[in-house]
>>> print(open('start_10.cif').read())   # mmCIF, C-alpha atoms and all ligand atoms
data_query
#
loop_
_atom_site.label_atom_id
_atom_site.label_comp_id
_atom_site.auth_asym_id
_atom_site.auth_seq_id
_atom_site.Cartn_x
_atom_site.Cartn_y
_atom_site.Cartn_z
CA MET A 12 142.04 177.14 91.35
CA ALA A 13 145.79 177.80 91.07
CA ARG A 14 146.73 180.55 88.65
CA ASN A 15 148.18 179.50 85.30
CA PRO A 16 151.97 179.60 85.89
CA TRP A 17 152.55 180.60 82.25
CA PHE A 18 152.96 184.33 81.61
CA GLU A 19 152.65 186.12 78.30
CA THR A 20 155.13 188.98 78.74
CA VAL A 21 158.25 189.73 80.72
CA ALA A 22 156.32 192.62 82.33
CA GLU A 23 153.89 190.07 83.79
CA ALA A 24 156.82 187.92 85.05
CA GLN A 25 158.16 191.03 86.79
CA ARG A 26 154.80 191.71 88.43
CA ARG A 27 154.71 188.14 89.74
CA ALA A 28 158.32 188.39 90.93
CA LYS A 29 157.46 191.56 92.83
CA LYS A 30 154.59 189.84 94.61
CA ARG A 31 156.55 186.71 95.39
CA LEU A 32 159.93 188.03 96.50
CA PRO A 33 160.73 189.79 99.77
CA SER A 34 161.12 193.49 98.96
CA SER A 35 164.88 193.46 99.68
CA VAL A 36 165.46 190.64 97.15
CA TYR A 37 163.19 192.30 94.57
CA GLY A 38 164.99 195.61 95.13
CA ALA A 39 168.39 193.96 94.60
CA LEU A 40 167.25 192.81 91.15
CA VAL A 41 165.69 196.13 90.17
CA ALA A 42 169.07 197.65 91.12
CA GLY A 43 170.06 200.67 88.99
CA SER A 44 172.23 203.50 90.28
CA GLU A 45 172.15 207.18 91.22
CA ARG A 46 169.27 208.95 89.43
CA GLY A 47 168.37 205.93 87.29
CA VAL A 48 168.97 207.72 83.97
CA THR A 49 170.76 204.77 82.40
CA ILE A 50 168.45 202.04 83.60
CA ASP A 51 165.47 204.00 82.24
CA ASP A 52 167.14 204.85 78.93
CA ASN A 53 168.08 201.18 78.38
CA LEU A 54 164.37 200.43 78.13
CA ALA A 55 163.06 203.67 76.61
CA ALA A 56 165.55 203.84 73.72
CA PHE A 57 164.17 200.67 72.13
CA SER A 58 160.79 202.40 71.78
CA GLU A 59 162.32 205.17 69.68
CA LEU A 60 163.19 202.76 66.86
CA ALA A 61 160.18 202.38 64.57
CA PHE A 62 159.65 199.26 62.49
CA ALA A 63 158.99 199.45 58.75
CA PRO A 64 156.99 196.25 58.13
CA HIS A 65 155.98 194.82 54.74
CA VAL A 66 152.41 193.98 53.85
CA ALA A 67 153.06 190.96 51.58
CA GLY A 68 155.91 188.75 50.42
CA HIS A 69 156.52 187.25 53.85
CA HIS A 70 158.42 184.00 54.32
CA VAL A 71 157.00 180.74 55.62
CA GLU A 72 160.31 179.51 57.02
CA ARG A 73 162.36 181.77 59.27
CA ASP A 74 165.80 180.93 60.65
CA LEU A 75 166.61 182.35 64.07
CA SER A 76 169.77 180.35 64.71
CA THR A 77 173.34 181.63 64.91
CA SER A 78 176.50 181.05 66.94
CA VAL A 79 178.41 182.89 69.65
CA LEU A 80 182.11 182.24 70.31
CA GLY A 81 181.88 179.17 68.08
CA ILE A 82 178.91 177.69 69.96
CA PRO A 83 175.82 177.11 67.79
CA ILE A 84 172.64 178.50 69.40
CA SER A 85 169.01 178.14 68.35
CA LEU A 86 168.16 181.79 68.94
CA PRO A 87 170.37 184.89 69.31
CA VAL A 88 169.71 185.27 73.04
CA VAL A 89 172.24 184.28 75.70
CA ILE A 90 172.09 184.35 79.51
CA SER A 91 174.05 187.31 80.88
CA PRO A 92 175.85 186.56 84.15
CA THR A 93 174.14 187.81 87.31
CA GLY A 94 174.61 187.01 90.96
CA VAL A 95 171.10 185.55 91.46
CA GLN A 96 171.59 185.04 95.16
CA ALA A 97 168.38 184.28 97.05
CA VAL A 98 165.97 184.45 94.12
CA HIS A 99 165.34 180.70 93.92
CA PRO A 100 166.93 177.69 95.66
CA GLU A 101 168.04 176.14 92.34
CA GLY A 102 169.41 179.52 91.24
CA GLU A 103 171.89 179.38 88.38
CA VAL A 104 171.42 175.62 87.91
CA ALA A 105 167.76 176.18 86.98
CA VAL A 106 168.76 179.03 84.65
CA ALA A 107 171.46 176.86 83.02
CA ARG A 108 168.99 174.01 82.46
CA ALA A 109 166.43 176.37 80.95
CA ALA A 110 169.06 177.77 78.58
CA ALA A 111 170.04 174.20 77.62
CA THR A 112 166.46 173.14 76.88
CA ARG A 113 166.06 176.22 74.68
CA GLY A 114 169.36 175.56 72.87
CA THR A 115 171.45 178.44 74.11
CA ILE A 116 174.37 179.57 76.25
CA MET A 117 174.56 180.06 80.02
CA GLY A 118 176.68 182.92 81.39
CA LEU A 119 177.70 182.22 84.99
CA SER A 120 178.73 185.03 87.32
CA SER A 121 181.72 184.48 89.60
CA PHE A 122 179.48 185.99 92.30
CA ALA A 123 176.83 183.33 91.66
CA SER A 124 175.39 181.09 94.35
CA LYS A 125 176.13 177.74 92.62
CA PRO A 126 179.49 176.10 91.91
CA VAL A 127 180.62 176.18 88.28
CA GLU A 128 180.81 172.35 88.20
CA GLU A 129 177.05 172.04 88.87
CA VAL A 130 176.26 174.65 86.25
CA THR A 131 178.38 173.14 83.46
CA ALA A 132 176.78 169.75 84.28
CA ALA A 133 173.37 171.38 83.70
CA ASN A 134 174.49 173.17 80.52
CA PRO A 135 177.79 172.24 78.82
CA ASN A 136 177.64 175.51 76.88
CA THR A 137 178.57 177.68 79.84
CA LEU A 138 180.71 180.82 79.78
CA PHE A 139 182.33 181.72 83.09
CA GLN A 140 182.38 185.41 84.06
CA MET A 141 185.12 187.11 86.06
CA TYR A 142 185.81 190.56 87.39
CA TRP A 143 189.31 191.92 87.89
CA THR A 144 189.59 191.00 91.55
CA GLY A 145 192.22 189.51 93.83
CA THR A 146 195.77 188.51 92.99
CA ARG A 147 196.83 187.19 89.60
CA GLU A 148 197.44 183.84 91.26
CA ALA A 149 193.83 183.77 92.52
CA MET A 150 192.56 184.73 89.07
CA ILE A 151 194.58 181.92 87.48
CA GLN A 152 193.17 179.45 90.03
CA ARG A 153 189.60 180.55 89.26
CA MET A 154 190.20 180.20 85.52
CA ASP A 155 191.81 176.76 86.00
CA ARG A 156 188.79 175.64 87.97
CA ALA A 157 186.30 176.92 85.38
CA ARG A 158 188.30 175.33 82.55
CA ALA A 159 188.47 172.00 84.42
CA ALA A 160 184.69 172.18 84.94
CA GLY A 161 184.28 172.47 81.18
CA ALA A 162 183.45 176.17 80.75
CA LYS A 163 183.63 176.94 77.03
CA GLY A 164 184.62 180.58 77.30
CA LEU A 165 185.42 183.44 79.63
CA ILE A 166 183.54 186.71 80.03
CA ALA A 167 185.66 189.44 81.57
CA THR A 168 183.42 192.19 82.96
CA LEU A 169 185.51 195.31 83.42
CA ASP A 170 183.03 198.16 83.50
CA TRP A 171 182.36 198.29 87.24
CA SER A 172 183.28 201.54 88.99
CA PHE A 173 181.67 200.96 92.41
CA SER A 174 178.99 203.57 92.12
CA ASN A 175 176.78 203.54 95.16
CA GLY A 176 173.54 205.05 96.22
CA ARG A 177 170.17 205.17 94.54
CA ASP A 178 167.69 208.03 94.85
CA TRP A 179 164.93 205.43 95.49
CA GLY A 180 166.97 203.72 98.22
CA SER A 181 168.98 200.51 98.34
CA PRO A 182 167.72 197.23 99.80
CA SER A 183 169.46 196.06 102.95
CA ILE A 184 171.15 192.74 102.37
CA PRO A 185 172.59 190.72 105.28
CA GLU A 186 176.28 189.76 105.34
CA LYS A 187 175.41 186.10 105.83
CA MET A 188 172.17 184.18 106.24
CA ASN A 189 171.75 182.38 109.54
CA LEU A 190 168.99 182.08 112.10
CA LYS A 191 169.78 185.48 113.63
CA THR A 192 169.59 187.34 110.33
CA MET A 193 166.50 185.36 109.32
CA ILE A 194 164.78 186.64 112.47
CA THR A 195 165.96 190.20 111.82
CA PHE A 196 164.65 190.00 108.27
CA ALA A 197 161.45 188.19 109.26
CA PRO A 198 159.14 191.20 108.78
CA ASN A 199 160.45 191.49 105.23
CA VAL A 200 160.33 187.77 104.48
CA LEU A 201 157.22 186.44 106.27
CA PRO A 202 154.66 188.19 104.03
CA HIS A 203 156.12 186.13 101.14
CA PRO A 204 155.20 182.55 102.07
CA LYS A 205 155.59 181.13 98.55
CA TRP A 206 159.19 182.34 98.29
CA LEU A 207 159.93 181.02 101.78
CA TRP A 208 158.25 177.71 100.95
CA THR A 209 160.40 177.10 97.83
CA PHE A 210 163.50 177.45 100.03
CA ALA A 211 161.95 175.40 102.88
CA LYS A 212 161.21 172.55 100.43
CA SER A 213 164.79 172.59 99.17
CA GLY A 214 166.13 172.32 102.73
CA HIS A 215 168.40 175.35 102.25
CA ILE A 216 168.31 178.99 103.16
CA PRO A 217 170.12 181.33 100.77
CA ASP A 218 173.62 181.49 102.30
CA LEU A 219 174.89 184.49 100.32
CA THR A 220 178.35 183.13 99.62
CA ALA A 221 180.29 183.05 96.36
CA PRO A 222 181.52 179.43 95.95
CA ASN A 223 183.37 180.15 92.68
CA LEU A 224 185.66 182.59 94.46
CA ALA A 225 186.77 180.07 97.11
CA PRO A 226 190.51 179.38 97.19
CA PRO A 227 191.41 175.74 96.34
CA GLY A 228 190.24 173.61 99.28
CA GLY A 229 189.16 176.76 101.18
CA GLU A 230 185.87 178.25 102.26
CA ALA A 231 183.65 180.31 99.97
CA PRO A 232 183.83 184.02 100.82
CA THR A 233 180.66 185.89 101.70
CA PHE A 234 179.25 188.12 98.98
CA PHE A 235 180.42 191.21 100.88
CA GLY A 236 183.84 189.73 101.65
CA ALA A 237 184.31 189.11 97.93
CA TYR A 238 183.09 192.63 97.12
CA GLY A 239 185.61 194.08 99.58
CA GLU A 240 188.49 192.23 97.91
CA TRP A 241 187.33 193.51 94.54
CA MET A 242 187.24 197.13 95.76
CA GLN A 243 190.81 196.85 97.00
CA THR A 244 192.18 195.39 93.76
CA PRO A 245 193.97 197.99 91.60
CA PRO A 246 191.90 198.40 88.39
CA PRO A 247 193.21 196.67 85.25
CA THR A 248 195.26 198.24 82.45
CA TRP A 249 194.97 197.20 78.79
CA ASP A 250 198.10 195.09 79.34
CA ASP A 251 196.19 193.29 82.09
CA VAL A 252 193.33 192.63 79.67
CA GLU A 253 195.82 191.10 77.26
CA TRP A 254 197.30 189.04 80.09
CA LEU A 255 193.87 187.73 81.14
CA ARG A 256 193.02 186.91 77.55
CA LYS A 257 196.29 184.94 77.13
CA GLU A 258 195.96 183.13 80.47
CA TRP A 259 192.48 181.92 79.59
CA GLY A 260 193.57 180.82 76.13
CA GLY A 261 190.09 179.89 74.85
CA PRO A 262 187.16 181.97 73.59
CA PHE A 263 187.12 185.34 75.39
CA MET A 264 184.52 188.09 75.66
CA LEU A 265 185.08 191.58 77.08
CA LYS A 266 181.82 192.80 78.62
CA GLY A 267 181.04 196.43 79.34
CA VAL A 268 182.33 198.22 76.23
CA THR A 269 180.56 201.51 75.45
CA ARG A 270 183.13 203.50 73.45
CA VAL A 271 184.43 203.09 69.92
CA ASP A 272 188.06 203.66 70.98
CA ASP A 273 187.77 200.99 73.71
CA ALA A 274 186.22 198.57 71.23
CA LEU A 275 189.22 199.03 68.93
CA ARG A 276 191.65 198.54 71.83
CA ALA A 277 189.80 195.36 72.75
CA VAL A 278 190.40 194.12 69.21
CA ASP A 279 194.10 194.91 69.65
CA ALA A 280 194.12 193.04 72.99
CA GLY A 281 193.04 189.93 71.09
CA VAL A 282 189.51 189.40 72.43
CA ASP A 283 187.08 187.30 70.39
CA ALA A 284 183.89 189.12 71.36
CA ILE A 285 182.72 192.26 73.10
CA SER A 286 179.42 193.04 74.74
CA VAL A 287 178.20 196.60 74.44
CA SER A 288 176.92 196.92 77.97
CA ASN A 289 176.40 199.43 80.76
CA HIS A 290 175.89 196.68 83.33
CA GLY A 291 172.13 197.00 83.05
CA GLY A 292 172.25 200.61 84.27
CA ASN A 293 173.76 199.53 87.59
CA ASN A 294 177.07 201.23 87.08
CA LEU A 295 177.99 204.78 86.04
CA ASP A 296 174.66 206.55 85.75
CA SER A 297 174.16 208.79 82.67
CA THR A 298 175.89 206.29 80.39
CA PRO A 299 173.58 206.11 77.34
CA ALA A 300 171.34 203.15 76.56
CA THR A 301 173.36 200.34 75.00
CA ILE A 302 171.21 200.28 71.86
CA ARG A 303 172.26 203.91 71.17
CA MET A 304 175.98 203.02 71.35
CA LEU A 305 175.83 199.74 69.43
CA GLY A 306 175.86 200.97 65.81
CA PRO A 307 179.07 203.03 65.96
CA VAL A 308 180.89 200.27 67.88
CA ALA A 309 179.74 197.54 65.48
CA ASP A 310 180.72 199.66 62.45
CA ALA A 311 184.17 200.37 63.90
CA VAL A 312 185.14 196.75 64.67
CA GLY A 313 183.49 195.20 61.60
CA GLU A 314 184.11 191.46 61.36
CA GLN A 315 187.19 191.49 63.61
CA VAL A 316 185.29 190.45 66.74
CA GLU A 317 181.78 189.29 67.56
CA VAL A 318 179.61 192.10 68.94
CA LEU A 319 176.89 191.41 71.49
CA LEU A 320 174.63 193.79 73.35
CA ASP A 321 173.03 193.60 76.75
CA GLY A 322 170.76 196.03 78.58
CA GLY A 323 167.03 196.54 78.42
CA ILE A 324 166.03 193.48 76.39
CA ARG A 325 162.46 192.64 77.42
CA ARG A 326 160.84 191.47 74.18
CA GLY A 327 161.67 189.77 70.90
CA SER A 328 161.38 193.00 68.94
CA ASP A 329 164.20 194.44 71.10
CA VAL A 330 166.35 191.52 69.97
CA ALA A 331 165.47 192.24 66.32
CA LYS A 332 166.46 195.91 66.75
CA ALA A 333 169.80 195.02 68.31
CA LEU A 334 170.61 192.55 65.53
CA ALA A 335 169.63 195.09 62.87
CA LEU A 336 172.04 197.63 64.36
CA GLY A 337 174.97 195.21 64.32
CA ALA A 338 174.75 192.75 67.23
CA ARG A 339 175.33 189.07 66.54
CA ALA A 340 173.26 188.18 69.60
CA VAL A 341 172.01 189.76 72.81
CA MET A 342 172.41 188.82 76.44
CA ILE A 343 169.56 189.08 78.93
CA GLY A 344 169.70 189.87 82.64
CA ARG A 345 166.56 190.94 84.49
CA ALA A 346 164.24 189.31 81.96
CA TYR A 347 165.32 185.83 83.07
CA LEU A 348 165.63 186.85 86.72
CA TRP A 349 161.92 187.78 86.70
CA GLY A 350 161.12 184.47 85.01
CA LEU A 351 163.19 182.56 87.58
CA ALA A 352 161.49 184.31 90.48
CA ALA A 353 158.03 183.80 88.99
CA ASN A 354 158.29 180.12 88.09
CA GLY A 355 161.79 178.64 88.46
CA GLN A 356 163.32 176.84 85.46
CA ALA A 357 159.97 176.81 83.62
CA GLY A 358 159.75 180.57 84.11
CA VAL A 359 163.14 181.09 82.44
CA GLU A 360 162.05 178.81 79.57
CA ASN A 361 158.87 180.88 79.36
CA VAL A 362 160.99 184.03 78.93
CA PHE A 363 163.02 182.43 76.13
CA ASP A 364 159.77 181.43 74.41
CA ILE A 365 158.43 184.99 74.66
CA LEU A 366 161.63 186.38 73.13
CA ARG A 367 161.68 183.73 70.40
CA GLY A 368 158.04 184.42 69.50
CA GLY A 369 158.55 188.18 69.38
CA LEU A 370 161.73 187.91 67.32
CA ASP A 371 160.03 185.55 64.88
CA SER A 372 157.11 188.00 64.47
CA ALA A 373 159.55 190.81 63.71
CA VAL A 374 161.47 188.73 61.14
CA LEU A 375 158.14 187.71 59.55
CA GLY A 376 156.71 191.23 59.44
CA LEU A 377 159.91 192.74 58.10
CA GLY A 378 159.83 190.27 55.22
CA HIS A 379 162.94 188.25 56.05
CA SER A 380 163.69 184.54 56.10
CA SER A 381 166.59 184.81 58.55
CA ILE A 382 167.79 186.98 61.41
CA HIS A 383 170.94 187.58 59.34
CA GLU A 384 168.92 189.73 56.93
CA LEU A 385 167.90 192.28 59.59
CA SER A 386 169.41 195.72 58.87
CA PRO A 387 168.94 199.45 59.64
CA ALA A 388 166.71 199.60 56.52
CA ASP A 389 164.06 197.80 58.60
CA PHE A 390 163.53 200.91 60.77
CA TYR A 391 163.01 204.56 61.04
CA ILE A 392 165.88 205.72 63.25
CA PRO A 393 165.43 209.25 64.65
CA PRO A 394 168.34 211.57 63.75
CA THR A 395 169.19 212.17 67.42
CA PHE A 396 169.09 208.51 68.40
CA THR A 397 172.71 207.40 68.17
CA ARG A 398 175.50 208.08 70.68
CA ALA A 399 178.96 207.53 69.19
CA LEU A 400 181.19 207.63 72.27
CA GLY A 401 184.96 207.93 71.99
CA ALA A 402 184.81 208.32 68.24
CA HIS A 403 185.91 211.95 68.06
CA HIS A 404 188.85 212.57 70.33
CA GLY A 405 188.80 215.94 72.03
CA SER A 406 185.68 217.17 70.29
CA ARG A 407 183.21 219.03 72.47
CA ILE A 408 180.30 218.66 70.08
C1 LIG B 501 170.92 191.77 89.99
C2 LIG B 501 171.98 191.86 88.94
C3 LIG B 501 173.23 191.26 89.17
C4 LIG B 501 174.23 191.33 88.19
N1 LIG B 501 175.42 190.69 88.41
C5 LIG B 501 176.35 190.68 87.43
C6 LIG B 501 177.54 189.92 87.59
O1 LIG B 501 177.76 189.28 88.61
N2 LIG B 501 178.44 189.93 86.57
C7 LIG B 501 178.22 190.62 85.39
O2 LIG B 501 179.05 190.59 84.50
N3 LIG B 501 177.09 191.34 85.23
C8 LIG B 501 176.16 191.36 86.20
N4 LIG B 501 174.99 192.05 86.00
C9 LIG B 501 174.76 192.72 84.71
C10 LIG B 501 174.12 191.76 83.69
O3 LIG B 501 175.00 190.76 83.27
C11 LIG B 501 173.67 192.51 82.44
O4 LIG B 501 174.73 193.29 81.96
C12 LIG B 501 172.44 193.39 82.68
O5 LIG B 501 171.55 192.81 83.62
C13 LIG B 501 171.71 193.61 81.37
O6 LIG B 501 170.62 194.46 81.54
P1 LIG B 501 169.11 193.94 81.70
O7 LIG B 501 168.99 193.48 83.10
O8 LIG B 501 168.31 195.14 81.41
O9 LIG B 501 168.91 192.81 80.71
C14 LIG B 501 173.98 192.01 86.97
C15 LIG B 501 172.73 192.59 86.74
C16 LIG B 501 171.73 192.53 87.69
C17 LIG B 501 170.40 193.15 87.41
#
>>> encode(input="start_10.cif", output="structure tokens")
Amino acid sequence: MARNPWFETVAEAQRRAKKRLPSSVYGALVAGSERGVTIDDNLAAFSELAFAPHVAGHHVERDLSTSVLGIPISLPVVISPTGVQAVHPEGEVAVARAAATRGTIMGLSSFASKPVEEVTAANPNTLFQMYWTGTREAMIQRMDRARAAGAKGLIATLDWSFSNGRDWGSPSIPEKMNLKTMITFAPNVLPHPKWLWTFAKSGHIPDLTAPNLAPPGGEAPTFFGAYGEWMQTPPPTWDDVEWLRKEWGGPFMLKGVTRVDDALRAVDAGVDAISVSNHGGNNLDSTPATIRMLGPVADAVGEQVEVLLDGGIRRGSDVAKALALGARAVMIGRAYLWGLAANGQAGVENVFDILRGGLDSAVLGLGHSSIHELSPADFYIPPTFTRALGAHHGSRI
């Protein structure tokens, strides 16, 4: 008998993804950088926060809904943009549909495998993500296209510093998928018939191009071609951030903030939201877990901008902890990628249901009737937990 496709935890979705995906694709999602300090701390830090549950006086009705960038959402969990190349033939369209059925927002990476028009058709509440790459003219064209497709907001991800190398080794990823590379990669791919079969049924092989970075009327660049352009683009200044914000015009999130001083500069640059993020531990290794940096950033900006967090969210209690320390909502990355790999759109919906259930349990146990009542008083927070970065200029302690 076929195994029940439903899974009860994100850890189980990851186990199934590992079995199903070719090791190079699985390795590209595990990612991380250098020694893996940050990727590990993103997960471990959540375990250091201890709940202080009540024994009676719980509420029958519990409200988990909120809004992000003016978009009402049914739970405080949003899809973080990832290039989900080669995980599933429906890729970001399946993720967008799952987010829509669960009443929340889709974040679409500019390195994604599906055109923004197909993704906004699947979920009108889509935010389009961009890096600082290419000429200003090209950036304007990409924003025009996303706006015309109906994207409701822009996420500018500016934390990338091109770190490379992992102590556990990097997966080899082909420049482009064609018959020749399929044959080269056959030993890696053939032991994974289910993964191959989902692509065979769809009539496509993963082509590893970035359609949302194509010039108007031109061909989509390969993933590596696009990465090369990005590496050669001079990094942005704060004036550039302000420029990007003005050019977009609509709701704007700056993703990748870790420091208090940067958060305050982002407020000055006119952004509407920030995400406290270390790119899921894929960037500058030894950056602390995002949950350690959240409190000081949220305290510093107050109500001036919306504060989100991403990094290490694997269960509903993680969401509760982030909200209690000042996040309005969280964004998830690998959690939904494992769900997508394990069971397509239904797998991503399954992940949302796990997070909703876990968050609801936390709100119940902590004696609240709404996520908006979560606060640091709901926890024991160890004295050495927090990392306030950029809050004390020049101090060595
Ligand atoms: C495979 C992979 C690809 C990613 N691609 C992007 C991207 O294209 N744009 C972006 O802003 N962030 C990207 N990220 C970072 C995520 O948006 C998010 O910050 C991170 O995954 C959160 O950590 P988590 O995976 O522990 O939830 C990527 C992350 C992973 C794991």
>>> closest_residue(input="start_10.cif", among="A:Ala300, A:Leu385, A:Met154, A:Ala132", to="Ala335 (chain A)", atoms="all atoms listed in the file")
A:Leu385
>>> residues_near_ligand(input="start_10.cif", ligand="ligand LIG 501 (chain B)", cutoff="7 Å", atoms="only C-alpha atoms and all ligand atoms", output="PyMOL selection string")
chain A and resi 39-42+53+91-95+120-123+140+168+266+288-292+321-324+342-346
>>> residues_around(input="start_10.cif", residues="Val89 (chain A)", least_positions_apart="5", cutoff="9 Å", atoms="all atoms listed in the file", output="PyMOL selection string")
chain A and resi 79+84+110+115-118+340-343
>>> write_last_selection(input="start_10.cif", atoms="C-alpha atoms", output="mmCIF file, in the coordinates of the input")
data_model
loop_
_atom_site.group_PDB
_atom_site.id
_atom_site.type_symbol
_atom_site.label_atom_id
_atom_site.label_comp_id
_atom_site.auth_asym_id
_atom_site.auth_seq_id
_atom_site.Cartn_x
_atom_site.Cartn_y
_atom_site.Cartn_z
ATOM 1 C CA VAL A 79 178.410 182.890 69.650
ATOM 2 C CA ILE A 84 172.640 178.500 69.400
ATOM 3 C CA ALA A 110 169.060 177.770 78.580
ATOM 4 C CA THR A 115 171.450 178.440 74.110
ATOM 5 C CA ILE A 116 174.370 179.570 76.250
ATOM 6 C CA MET A 117 174.560 180.060 80.020
ATOM 7 C CA GLY A 118 176.680 182.920 81.390
ATOM 8 C CA ALA A 340 173.260 188.180 69.600
ATOM 9 C CA VAL A 341 172.010 189.760 72.810
ATOM 10 C CA MET A 342 172.410 188.820 76.440
ATOM 11 C CA ILE A 343 169.560 189.080 78.930
#
>>> closest_residue(input="start_10.cif", among="A:Ala149, A:Leu351, A:Leu400, A:Val104", to="Glu128 (chain A)", atoms="all atoms listed in the file")
A:Val104
>>> atom_distance(input="start_10.cif", atom1="CA of Trp249 (chain A)", atom2="CA of Arg270 (chain A)")
14.4 Å
>>> atom_distance(input="start_10.cif", atom1="CA of Val287 (chain A)", atom2="CA of Asp170 (chain A)")
10.4 Å
>>> closest_residue(input="start_10.cif", among="A:Ala338, A:Leu169, A:Leu348, A:Leu224", to="Met264 (chain A)", atoms="all atoms listed in the file")
A:Leu169
>>> closest_residue(input="start_10.cif", among="A:Thr220, A:Ser34, A:Gln25, A:Gln152", to="Phe234 (chain A)", atoms="all atoms listed in the file")
A:Thr220
>>> atom_distance(input="start_10.cif", atom1="CA of Leu119 (chain A)", atom2="CA of Gly355 (chain A)")
16.7 Å
>>> residues_around(input="start_10.cif", residues="Pro16 (chain A)", least_positions_apart="2", cutoff="9 Å", atoms="all atoms listed in the file", output="PyMOL selection string")
chain A and resi 13-14+18+353-354+357-358
>>> residues_around(input="start_10.cif", residues="Thr397 (chain A)", least_positions_apart="2", cutoff="7 Å", atoms="only C-alpha atoms", output="MDAnalysis selection string")
chainID A and resid 303:304 395 399
>>> residues_around(input="start_10.cif", residues="Glu240 (chain A)", least_positions_apart="2", cutoff="12 Å", atoms="all atoms listed in the file", output="JSON, numbers by chain")
{"A": [142, 143, 144, 145, 146, 149, 224, 232, 233, 234, 235, 236, 237, 238, 242, 243, 244, 245, 246]}
>>> closest_residue(input="start_10.cif", among="A:Val318, A:Val130, A:Leu275, A:Leu295", to="Ala402 (chain A)", atoms="only C-alpha atoms")
A:Leu275
>>> closest_residue(input="start_10.cif", among="A:Thr77, A:Trp254, A:Pro222, A:Val88", to="Arg147 (chain A)", atoms="only C-alpha atoms")
A:Trp254
>>> residues_around(input="start_10.cif", residues="Gly313 (chain A)", least_positions_apart="3", cutoff="12 Å", atoms="all atoms listed in the file", output="ChimeraX atom specification")
/A:271,274-275,278,284-285,305-310,316-318,337-339
>>> write_last_selection(input="start_10.cif", atoms="C-alpha atoms", output="CSV table (one decimal), keeping the file's coordinate frame")
chain,number,residue,atom,x,y,z
A,271,VAL,CA,184.4,203.1,69.9
A,274,ALA,CA,186.2,198.6,71.2
A,275,LEU,CA,189.2,199.0,68.9
A,278,VAL,CA,190.4,194.1,69.2
A,284,ALA,CA,183.9,189.1,71.4
A,285,ILE,CA,182.7,192.3,73.1
A,305,LEU,CA,175.8,199.7,69.4
A,306,GLY,CA,175.9,201.0,65.8
A,307,PRO,CA,179.1,203.0,66.0
A,308,VAL,CA,180.9,200.3,67.9
A,309,ALA,CA,179.7,197.5,65.5
A,310,ASP,CA,180.7,199.7,62.4
A,316,VAL,CA,185.3,190.4,66.7
A,317,GLU,CA,181.8,189.3,67.6
A,318,VAL,CA,179.6,192.1,68.9
A,337,GLY,CA,175.0,195.2,64.3
A,338,ALA,CA,174.8,192.8,67.2
A,339,ARG,CA,175.3,189.1,66.5
>>> build_atoms(input="start_10.cif", residues="region 29-37 of chain A", atoms="N, CA, C and O atoms", output="PDB file, in the coordinates of the input")
ATOM      1  N   LYS A  29     157.602 190.516  91.797  1.00  0.00           N
ATOM      2  CA  LYS A  29     157.460 191.560  92.830  1.00  0.00           C
ATOM      3  C   LYS A  29     156.566 191.074  93.967  1.00  0.00           C
ATOM      4  O   LYS A  29     156.830 191.328  95.145  1.00  0.00           O
ATOM      5  N   LYS A  30     155.500 190.361  93.599  1.00  0.00           N
ATOM      6  CA  LYS A  30     154.590 189.840  94.610  1.00  0.00           C
ATOM      7  C   LYS A  30     155.242 188.742  95.435  1.00  0.00           C
ATOM      8  O   LYS A  30     155.011 188.622  96.626  1.00  0.00           O
ATOM      9  N   ARG A  31     156.044 187.921  94.765  1.00  0.00           N
ATOM     10  CA  ARG A  31     156.550 186.710  95.390  1.00  0.00           C
ATOM     11  C   ARG A  31     157.783 186.939  96.256  1.00  0.00           C
ATOM     12  O   ARG A  31     157.962 186.300  97.283  1.00  0.00           O
ATOM     13  N   LEU A  32     158.636 187.859  95.822  1.00  0.00           N
ATOM     14  CA  LEU A  32     159.930 188.030  96.500  1.00  0.00           C
ATOM     15  C   LEU A  32     159.815 189.000  97.677  1.00  0.00           C
ATOM     16  O   LEU A  32     159.078 189.986  97.594  1.00  0.00           O
ATOM     17  N   PRO A  33     160.599 188.763  98.731  1.00  0.00           N
ATOM     18  CA  PRO A  33     160.730 189.790  99.770  1.00  0.00           C
ATOM     19  C   PRO A  33     161.232 191.083  99.123  1.00  0.00           C
ATOM     20  O   PRO A  33     162.002 191.030  98.156  1.00  0.00           O
ATOM     21  N   SER A  34     160.816 192.236  99.661  1.00  0.00           N
ATOM     22  CA  SER A  34     161.120 193.490  98.960  1.00  0.00           C
ATOM     23  C   SER A  34     162.625 193.714  98.829  1.00  0.00           C
ATOM     24  O   SER A  34     163.080 194.305  97.848  1.00  0.00           O
ATOM     25  N   SER A  35     163.432 193.222  99.787  1.00  0.00           N
ATOM     26  CA  SER A  35     164.880 193.460  99.680  1.00  0.00           C
ATOM     27  C   SER A  35     165.463 192.664  98.503  1.00  0.00           C
ATOM     28  O   SER A  35     166.347 193.149  97.793  1.00  0.00           O
ATOM     29  N   VAL A  36     164.954 191.448  98.275  1.00  0.00           N
ATOM     30  CA  VAL A  36     165.460 190.640  97.150  1.00  0.00           C
ATOM     31  C   VAL A  36     164.988 191.260  95.833  1.00  0.00           C
ATOM     32  O   VAL A  36     165.777 191.424  94.891  1.00  0.00           O
ATOM     33  N   TYR A  37     163.722 191.650  95.786  1.00  0.00           N
ATOM     34  CA  TYR A  37     163.190 192.300  94.570  1.00  0.00           C
ATOM     35  C   TYR A  37     164.002 193.572  94.269  1.00  0.00           C
ATOM     36  O   TYR A  37     164.422 193.807  93.136  1.00  0.00           O
TER      37      TYR A  37
END
